[in-house]
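Student: File run00.csv below, CSV, C-alpha atoms:
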```
chain,number,residue,atom,x,y,z
A,24,MET,CA,6.7,100.5,-158.5
A,25,LYS,CA,6.7,103.4,-156.1
A,26,GLY,CA,3.7,104.0,-153.9
A,27,PRO,CA,2.4,107.3,-152.5
A,28,LEU,CA,4.1,109.0,-149.5
A,29,PHE,CA,2.6,108.6,-146.1
A,30,TYR,CA,3.5,111.0,-143.3
A,31,SER,CA,4.5,110.6,-139.7
A,32,LYS,CA,2.1,112.0,-137.1
A,33,ILE,CA,2.3,113.9,-133.8
A,34,LEU,CA,-0.3,113.4,-131.1
A,35,LEU,CA,-0.2,116.9,-129.7
A,36,PHE,CA,-2.6,116.0,-126.8
A,37,GLY,CA,-4.2,112.9,-125.6
A,38,GLU,CA,-1.3,110.4,-124.9
A,39,TYR,CA,-2.7,107.7,-122.5
A,40,GLY,CA,-5.8,109.8,-121.9
A,41,ILE,CA,-7.4,108.6,-125.2
A,42,ILE,CA,-7.2,105.0,-123.8
A,43,LYS,CA,-9.6,106.3,-121.2
A,44,ASP,CA,-11.7,108.6,-123.3
A,45,SER,CA,-10.0,112.0,-122.9
A,46,LYS,CA,-10.0,114.3,-126.0
A,47,GLY,CA,-7.0,114.1,-128.3
A,48,LEU,CA,-5.6,116.0,-131.2
A,49,SER,CA,-3.3,114.4,-133.8
A,50,ILE,CA,-1.6,116.2,-136.7
A,51,PRO,CA,0.4,114.9,-139.7
A,52,TYR,CA,4.0,115.8,-139.7
A,53,SER,CA,5.4,115.7,-143.3
A,54,PHE,CA,9.1,116.1,-142.3
A,55,TYR,CA,9.2,112.3,-141.9
A,56,ASN,CA,7.5,110.0,-144.4
A,57,GLY,CA,7.5,106.5,-146.0
A,58,ALA,CA,6.5,104.8,-149.2
A,59,LEU,CA,6.4,101.2,-150.6
A,60,LYS,CA,9.0,100.7,-153.3
A,61,ASN,CA,10.0,97.9,-155.6
A,62,ASP,CA,13.1,99.3,-157.4
A,63,GLY,CA,15.6,96.4,-157.0
A,64,ASN,CA,17.3,98.0,-153.9
A,65,THR,CA,19.4,95.3,-152.2
A,66,SER,CA,20.7,97.3,-149.3
A,67,LYS,CA,20.7,95.7,-145.9
A,68,ILE,CA,17.8,98.0,-144.8
A,69,ALA,CA,15.7,97.2,-147.8
A,70,LEU,CA,16.2,93.5,-147.4
A,71,GLU,CA,15.4,93.6,-143.7
A,72,SER,CA,12.2,95.6,-144.5
A,73,ASN,CA,11.3,93.1,-147.2
A,74,SER,CA,11.7,90.2,-144.8
A,75,ASN,CA,9.6,92.0,-142.2
A,76,LEU,CA,6.9,92.6,-144.8
A,77,LYS,CA,6.7,88.8,-145.4
A,78,LYS,CA,5.9,88.2,-141.7
A,79,TYR,CA,3.4,91.1,-141.7
A,80,ALA,CA,1.7,89.8,-144.9
A,81,ASP,CA,1.1,86.5,-143.2
A,82,TYR,CA,-0.5,88.3,-140.2
A,83,LEU,CA,-2.7,90.4,-142.5
A,84,ALA,CA,-4.1,87.2,-144.1
A,85,THR,CA,-5.4,86.1,-140.6
A,86,ILE,CA,-7.5,89.2,-140.0
A,87,ASN,CA,-11.2,88.5,-140.0
A,88,SER,CA,-12.4,89.3,-143.5
A,89,ASP,CA,-15.6,90.9,-142.0
A,90,ILE,CA,-13.3,93.7,-140.8
A,91,VAL,CA,-11.0,94.0,-143.8
A,92,SER,CA,-9.6,91.7,-146.5
A,93,PHE,CA,-6.6,92.1,-148.8
A,94,ASN,CA,-5.4,91.1,-152.2
A,95,ILE,CA,-2.9,88.8,-150.4
A,96,ASP,CA,-1.7,87.1,-153.7
A,97,ASN,CA,-0.7,90.5,-155.1
A,98,LEU,CA,1.0,91.4,-151.9
A,99,HIS,CA,3.0,88.2,-151.7
A,100,GLU,CA,3.9,88.5,-155.3
A,101,ASP,CA,5.2,92.1,-154.8
A,102,ILE,CA,7.1,91.0,-151.7
A,103,SER,CA,8.7,88.1,-153.6
A,104,LYS,CA,9.9,90.7,-156.2
A,105,GLY,CA,11.7,92.6,-153.4
A,106,MET,CA,9.2,95.2,-152.3
A,107,TYR,CA,10.2,97.1,-149.1
A,108,PHE,CA,9.0,100.2,-147.1
A,109,ASP,CA,11.4,103.1,-147.6
A,110,SER,CA,10.9,105.3,-144.6
A,111,SER,CA,12.6,108.2,-142.9
A,112,ILE,CA,10.4,107.9,-139.9
A,113,PRO,CA,12.4,107.0,-136.8
A,114,GLN,CA,11.2,103.9,-135.1
A,115,GLY,CA,10.3,104.0,-131.3
A,116,TYR,CA,10.2,107.8,-131.3
A,117,GLY,CA,6.4,108.3,-130.9
A,118,VAL,CA,5.8,109.7,-134.4
A,119,GLY,CA,4.0,106.8,-136.0
A,120,SER,CA,6.5,104.7,-137.9
A,121,SER,CA,4.2,101.6,-138.0
A,122,GLY,CA,1.2,103.8,-138.7
A,123,ALA,CA,2.6,105.0,-142.0
A,124,LEU,CA,3.4,101.4,-143.1
A,125,VAL,CA,-0.1,100.3,-142.2
A,126,ALA,CA,-1.6,103.2,-144.2
A,127,ALA,CA,0.5,102.4,-147.2
A,128,LEU,CA,-0.4,98.7,-147.3
A,129,TYR,CA,-4.1,99.4,-146.8
A,130,ASP,CA,-4.0,101.9,-149.6
A,131,GLN,CA,-2.3,99.5,-152.0
A,132,TYR,CA,-3.9,96.1,-151.1
A,133,ALA,CA,-7.2,96.4,-149.2
A,134,ASN,CA,-10.3,95.2,-151.0
A,135,ASP,CA,-13.3,97.7,-150.9
A,136,LYS,CA,-11.1,100.3,-149.3
A,137,ILE,CA,-12.5,103.6,-148.1
A,138,THR,CA,-10.7,106.3,-150.1
A,139,VAL,CA,-9.6,109.7,-148.9
A,140,LEU,CA,-11.7,111.3,-151.7
A,141,GLU,CA,-15.0,110.1,-150.3
A,142,ASN,CA,-17.2,112.1,-148.1
A,143,LEU,CA,-15.7,110.9,-144.8
A,144,THR,CA,-18.7,110.4,-142.5
A,145,ARG,CA,-18.1,109.6,-138.8
A,146,GLU,CA,-19.1,106.0,-139.6
A,147,LYS,CA,-16.4,105.7,-142.3
A,148,LEU,CA,-13.8,107.2,-140.0
A,149,LEU,CA,-14.7,104.8,-137.2
A,150,LYS,CA,-14.6,101.9,-139.7
A,151,LEU,CA,-11.2,103.0,-140.9
A,152,LYS,CA,-10.0,103.3,-137.2
A,153,THR,CA,-11.3,99.8,-136.5
A,154,VAL,CA,-9.5,98.4,-139.6
A,155,PHE,CA,-6.3,100.2,-138.7
A,156,SER,CA,-6.4,99.1,-135.1
A,157,GLU,CA,-6.6,95.5,-136.2
A,158,MET,CA,-3.8,95.9,-138.7
A,159,GLU,CA,-1.5,97.8,-136.3
A,160,SER,CA,-1.9,95.5,-133.3
A,161,PHE,CA,0.7,93.3,-135.0
A,162,PHE,CA,3.4,95.8,-134.0
A,163,HIS,CA,2.7,96.6,-130.4
A,164,GLY,CA,-0.2,94.7,-129.0
A,165,LYS,CA,-3.3,96.8,-128.5
A,166,SER,CA,-3.5,99.8,-131.0
A,167,SER,CA,-6.0,102.6,-131.2
A,168,GLY,CA,-5.6,102.7,-135.0
A,169,LEU,CA,-5.2,106.5,-134.8
A,170,ASP,CA,-1.6,106.7,-136.1
A,171,PRO,CA,-2.4,105.0,-139.4
A,172,LEU,CA,-5.7,107.0,-139.7
A,173,ASN,CA,-3.8,110.2,-139.4
A,174,SER,CA,-1.1,109.0,-141.9
A,175,TYR,CA,-3.7,107.7,-144.3
A,176,LEU,CA,-5.9,110.9,-144.4
A,177,SER,CA,-3.0,113.4,-144.0
A,178,LEU,CA,-5.4,115.5,-142.0
A,179,PRO,CA,-5.5,116.6,-138.3
A,180,ILE,CA,-7.8,114.3,-136.3
A,181,LEU,CA,-9.9,115.4,-133.4
A,182,ILE,CA,-10.6,112.6,-130.9
A,183,ASN,CA,-13.7,113.5,-128.9
A,184,SER,CA,-14.0,110.0,-127.4
A,185,LYS,CA,-13.2,106.4,-128.4
A,186,ASP,CA,-16.3,106.3,-130.7
A,187,ASN,CA,-16.4,109.9,-131.8
A,188,ILE,CA,-13.6,111.1,-134.0
A,189,GLU,CA,-13.6,113.7,-136.8
A,190,ALA,CA,-11.2,115.3,-139.3
A,191,THR,CA,-10.6,118.8,-138.2
A,192,GLY,CA,-8.9,122.1,-139.2
A,193,ILE,CA,-6.3,123.7,-137.0
A,194,PRO,CA,-5.4,127.4,-136.8
A,195,ALA,CA,-2.9,128.4,-139.6
A,196,GLN,CA,0.7,128.7,-138.4
A,197,SER,CA,2.1,132.1,-137.8
A,198,ALA,CA,5.3,132.8,-139.8
A,199,THR,CA,6.4,135.5,-137.5
A,200,GLY,CA,5.1,134.2,-134.1
A,201,LYS,CA,7.6,133.3,-131.4
A,202,GLY,CA,5.4,130.6,-129.9
A,203,ALA,CA,6.2,127.1,-131.0
A,204,VAL,CA,5.6,123.4,-130.5
A,205,PHE,CA,8.9,121.5,-130.8
A,206,LEU,CA,10.3,118.0,-130.6
A,207,LEU,CA,13.2,117.3,-128.3
A,208,ASP,CA,15.3,114.2,-129.0
A,209,SER,CA,15.8,112.0,-125.9
A,210,GLY,CA,18.5,110.1,-127.8
A,211,LYS,CA,17.0,106.7,-126.9
A,212,ILE,CA,14.3,104.5,-128.4
A,213,GLY,CA,11.1,104.1,-126.5
A,214,GLU,CA,9.1,100.9,-126.6
A,215,THR,CA,5.3,101.2,-126.5
A,216,ALA,CA,4.2,97.9,-125.1
A,217,PRO,CA,6.1,98.1,-121.7
A,218,MET,CA,5.0,101.7,-121.2
A,219,VAL,CA,1.4,100.8,-121.8
A,220,SER,CA,1.7,97.8,-119.4
A,221,ILE,CA,2.9,100.2,-116.6
A,222,PHE,CA,0.0,102.5,-117.3
A,223,MET,CA,-2.5,99.6,-117.2
A,224,GLU,CA,-1.0,98.4,-114.0
A,225,ASN,CA,-1.3,101.9,-112.5
A,226,MET,CA,-4.9,102.1,-113.6
A,227,LYS,CA,-5.7,99.3,-111.0
A,228,ALA,CA,-5.2,101.9,-108.2
A,229,SER,CA,-8.2,104.1,-107.5
A,230,GLY,CA,-5.9,107.1,-106.7
A,231,PHE,CA,-4.4,107.0,-110.2
A,232,ARG,CA,-7.7,106.6,-111.9
A,233,ASN,CA,-9.1,109.6,-110.0
A,234,MET,CA,-6.0,111.7,-110.9
A,235,LEU,CA,-6.5,110.7,-114.6
A,236,LYS,CA,-10.1,111.8,-114.5
A,237,ASP,CA,-9.8,114.9,-112.3
A,238,GLN,CA,-6.5,116.3,-113.5
A,239,PHE,CA,-5.0,114.6,-116.6
A,240,THR,CA,-8.1,114.4,-118.7
A,241,LYS,CA,-9.4,117.8,-117.5
A,242,HIS,CA,-6.2,119.6,-118.6
A,243,THR,CA,-5.9,117.5,-121.8
A,244,ASP,CA,-9.4,118.4,-122.9
A,245,ALA,CA,-8.8,122.1,-122.1
A,246,CYS,CA,-5.6,122.1,-124.2
A,247,VAL,CA,-7.3,120.6,-127.2
A,248,GLU,CA,-10.1,123.2,-127.0
A,249,ASP,CA,-7.6,126.1,-126.5
A,250,PHE,CA,-5.5,124.9,-129.4
A,251,LEU,CA,-8.4,124.6,-131.8
A,252,LYS,CA,-9.8,128.0,-130.8
A,253,GLY,CA,-6.4,129.6,-131.0
A,254,ASP,CA,-6.6,130.8,-127.4
A,255,ILE,CA,-2.8,130.8,-126.8
A,256,LYS,CA,-2.8,132.3,-123.3
A,257,SER,CA,-5.2,129.7,-121.9
A,258,LEU,CA,-3.3,127.0,-123.9
A,259,PHE,CA,-0.1,127.7,-122.1
A,260,ASN,CA,-1.7,127.8,-118.7
A,261,ASN,CA,-3.3,124.4,-119.3
A,262,THR,CA,-0.1,122.9,-120.9
A,263,LYS,CA,1.8,123.9,-117.8
A,264,GLN,CA,-0.7,122.2,-115.6
A,265,LEU,CA,-0.6,119.1,-117.8
A,266,SER,CA,3.2,119.1,-117.8
A,267,LYS,CA,3.1,119.2,-114.0
A,268,VAL,CA,0.7,116.3,-113.8
A,269,VAL,CA,2.8,114.2,-116.1
A,270,LEU,CA,6.0,114.9,-114.1
A,271,ASN,CA,4.2,113.9,-110.9
A,272,HIS,CA,2.3,110.8,-112.1
A,273,PHE,CA,4.0,109.5,-115.2
A,274,LYS,CA,7.6,109.5,-114.1
A,275,PRO,CA,8.5,106.0,-115.4
A,276,MET,CA,7.5,107.2,-118.9
A,277,ILE,CA,10.0,110.1,-118.7
A,278,PRO,CA,13.6,109.1,-119.3
A,279,GLN,CA,15.5,109.6,-116.0
A,280,GLN,CA,17.9,112.3,-117.4
A,281,PHE,CA,15.0,114.5,-118.4
A,282,HIS,CA,13.3,114.8,-115.0
A,283,GLU,CA,15.4,117.9,-114.0
A,284,LEU,CA,14.9,119.4,-117.5
A,285,TRP,CA,11.2,119.0,-117.1
A,286,LYS,CA,11.2,120.7,-113.7
A,287,LYS,CA,13.4,123.5,-115.0
A,288,GLY,CA,10.8,124.3,-117.7
A,289,LEU,CA,8.0,124.5,-115.1
A,290,GLU,CA,10.1,126.7,-112.8
A,291,THR,CA,11.4,129.2,-115.5
A,292,ASN,CA,8.3,129.1,-117.8
A,293,ASP,CA,10.8,129.0,-120.8
A,294,TYR,CA,9.1,125.9,-122.1
A,295,TYR,CA,6.8,123.1,-120.9
A,296,LEU,CA,7.5,119.4,-121.8
A,297,LYS,CA,5.0,116.6,-122.3
A,298,LEU,CA,5.1,113.1,-123.6
A,299,CYS,CA,5.1,112.4,-127.3
A,300,GLY,CA,3.4,109.1,-127.7
A,301,SER,CA,3.9,106.5,-125.0
A,302,GLY,CA,7.2,107.9,-123.7
A,303,GLY,CA,10.1,105.9,-122.3
A,304,GLY,CA,12.4,107.5,-124.9
A,305,GLY,CA,12.0,108.7,-128.5
A,306,TYR,CA,10.8,112.3,-128.8
A,307,ILE,CA,9.6,114.6,-126.0
A,308,LEU,CA,7.1,117.3,-127.0
A,309,GLY,CA,7.8,120.9,-126.0
A,310,PHE,CA,5.6,124.0,-126.0
A,311,THR,CA,7.1,127.5,-125.6
A,312,GLU,CA,5.8,131.1,-125.9
A,313,ASP,CA,9.3,132.2,-127.0
A,314,ILE,CA,11.3,129.7,-129.1
A,315,ASP,CA,14.5,131.8,-128.7
A,316,LYS,CA,14.3,131.5,-124.9
A,317,ALA,CA,13.6,127.8,-125.2
A,318,GLN,CA,16.5,127.2,-127.5
A,319,GLU,CA,18.8,129.1,-125.2
A,320,SER,CA,17.6,127.2,-122.2
A,321,LEU,CA,17.9,123.8,-124.0
A,322,LYS,CA,21.1,124.7,-125.9
A,323,ASP,CA,22.6,121.3,-125.3
A,324,TYR,CA,19.7,119.5,-127.1
A,325,LYS,CA,18.5,119.3,-130.6
A,326,LEU,CA,15.1,120.9,-131.1
A,327,GLU,CA,12.9,120.5,-134.1
A,328,VAL,CA,10.1,123.0,-134.5
A,329,VAL,CA,6.9,121.4,-135.8
A,330,TYR,CA,4.4,124.3,-135.4
A,331,ASN,CA,4.6,128.0,-134.9
A,332,PHE,CA,2.0,130.2,-133.1
```
How would this structure read if it were set down as structure tokens?
Tutor:
Amino acid sequence: MKGPLFYSKILLFGEYGIIKDSKGLSIPYSFYNGALKNDGNTSKIALESNSNLKKYADYLATINSDIVSFNIDNLHEDISKGMYFDSSIPQGYGVGSSGALVAALYDQYANDKITVLENLTREKLLKLKTVFSEMESFFHGKSSGLDPLNSYLSLPILINSKDNIEATGIPAQSATGKGAVFLLDSGKIGETAPMVSIFMENMKASGFRNMLKDQFTKHTDACVEDFLKGDIKSLFNNTKQLSKVVLNHFKPMIPQQFHELWKKGLETNDYYLKLCGSGGGGYILGFTEDIDKAQESLKDYKLEVVYNF
């Protein structure tokens, strides 16, 4: 048995903001992917994955069947035969490693599943998001369900608000353009739960809440609109503002050794950095109008281009 491939995702805009109803834009990233396999592999990684699947299957059996139910007998049987999740998606890097696994298990074992070939109405998308939120909460507490949704559909997802999401098209990439979105490897794993706890703690202060509404959400929403319209000039203006707000107000989520690099980008305009996922480690997302300049400026780091303007 070998299941279909499910891709990683990149939340281009909306990290933290979508918890509080900012817009968001999430795109599939096919460079990393994962699939369920049952091919007799007895490597340490496969055995560990198999053992984790056992625990996860027990959790899936406890989900309220009004939300989603699974063919648990088949799932347990496949796990007992050695099934594992074969994935190249780095864990703790903000690119949706658990999301791909959730999507793969839903695809293979959910009863009455909503398929990607159906006419995906807003109701169906919200239903999927609810199901995935429930399934993914096993991995890091509260989950929005967006990572698995993106992985399952393999389509860009536009988040207008918590209850208003849609599959969307994004401007075609330019093969010759110098502008780029890139990933910068922080070299350390980030954990979602502690970062979200810091954010929730900060939300208790009215100053932080106002900043989120008046600055963070405002610039995030503008970035999403600029990106979808293909208004590159405005996009970079807003990304710069957003990068500044994150540096000033989300410092704990930025690994210490990147504070100066973040500042350097804002001062030179060679690139602008922002969080990729919850931060604390993993990847950092970069935007540049000139990828050669950014690479020169960041020559001590590994950059991975994910989108060209």
Student: Tell me which of A:Ser220, A:Gln131, A:Ser174, A:Ser209 sits closest to Leu98 of chain A, counting all atoms listed in the file.
Tutor: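 Closest candidate: A:Gln131.
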Student: Residues at most 9 Å from Ser92 of chain A, counting all atoms listed in the file, excluding those fewer than 5 positions away in the same chain, as a list in words?
Tutor: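 Everything that qualifies: Leu83, Ala84, Ile86, Asn87, Tyr132, Ala133, Asn134 and Asp135 of chain A.
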Student: Measure the distance from atom CA of Leu178 of chain A to atom CA of Asp101 of chain A in Å and round it to one decimal.
Tutor: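 Computing the Euclidean distance for atom CA of Leu178 of chain A and atom CA of Asp101 of chain A yields 28.7 Å.
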Student: When you draw a straight line from atom CA of Leu181 of chain A to atom CA of His272 of chain A, how long is it in Å?
Tutor: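 That distance, rounded to one decimal, is 25.0 Å.
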Student: Tell me, in Å to one decimal, how far atom CA of Asn75 of chain A is from atom CA of Tyr30 of chain A.
Tutor: 20.0 Å
Student: Quick one: of A:Gln114, A:Ser74, A:Glu157, A:Ser103, who's nearest to Ile90 of chain A, counting all atoms listed in the file?
Tutor: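 Looking only at the distances to Ile90 of chain A, the closest residue turns out to be A:Glu157.
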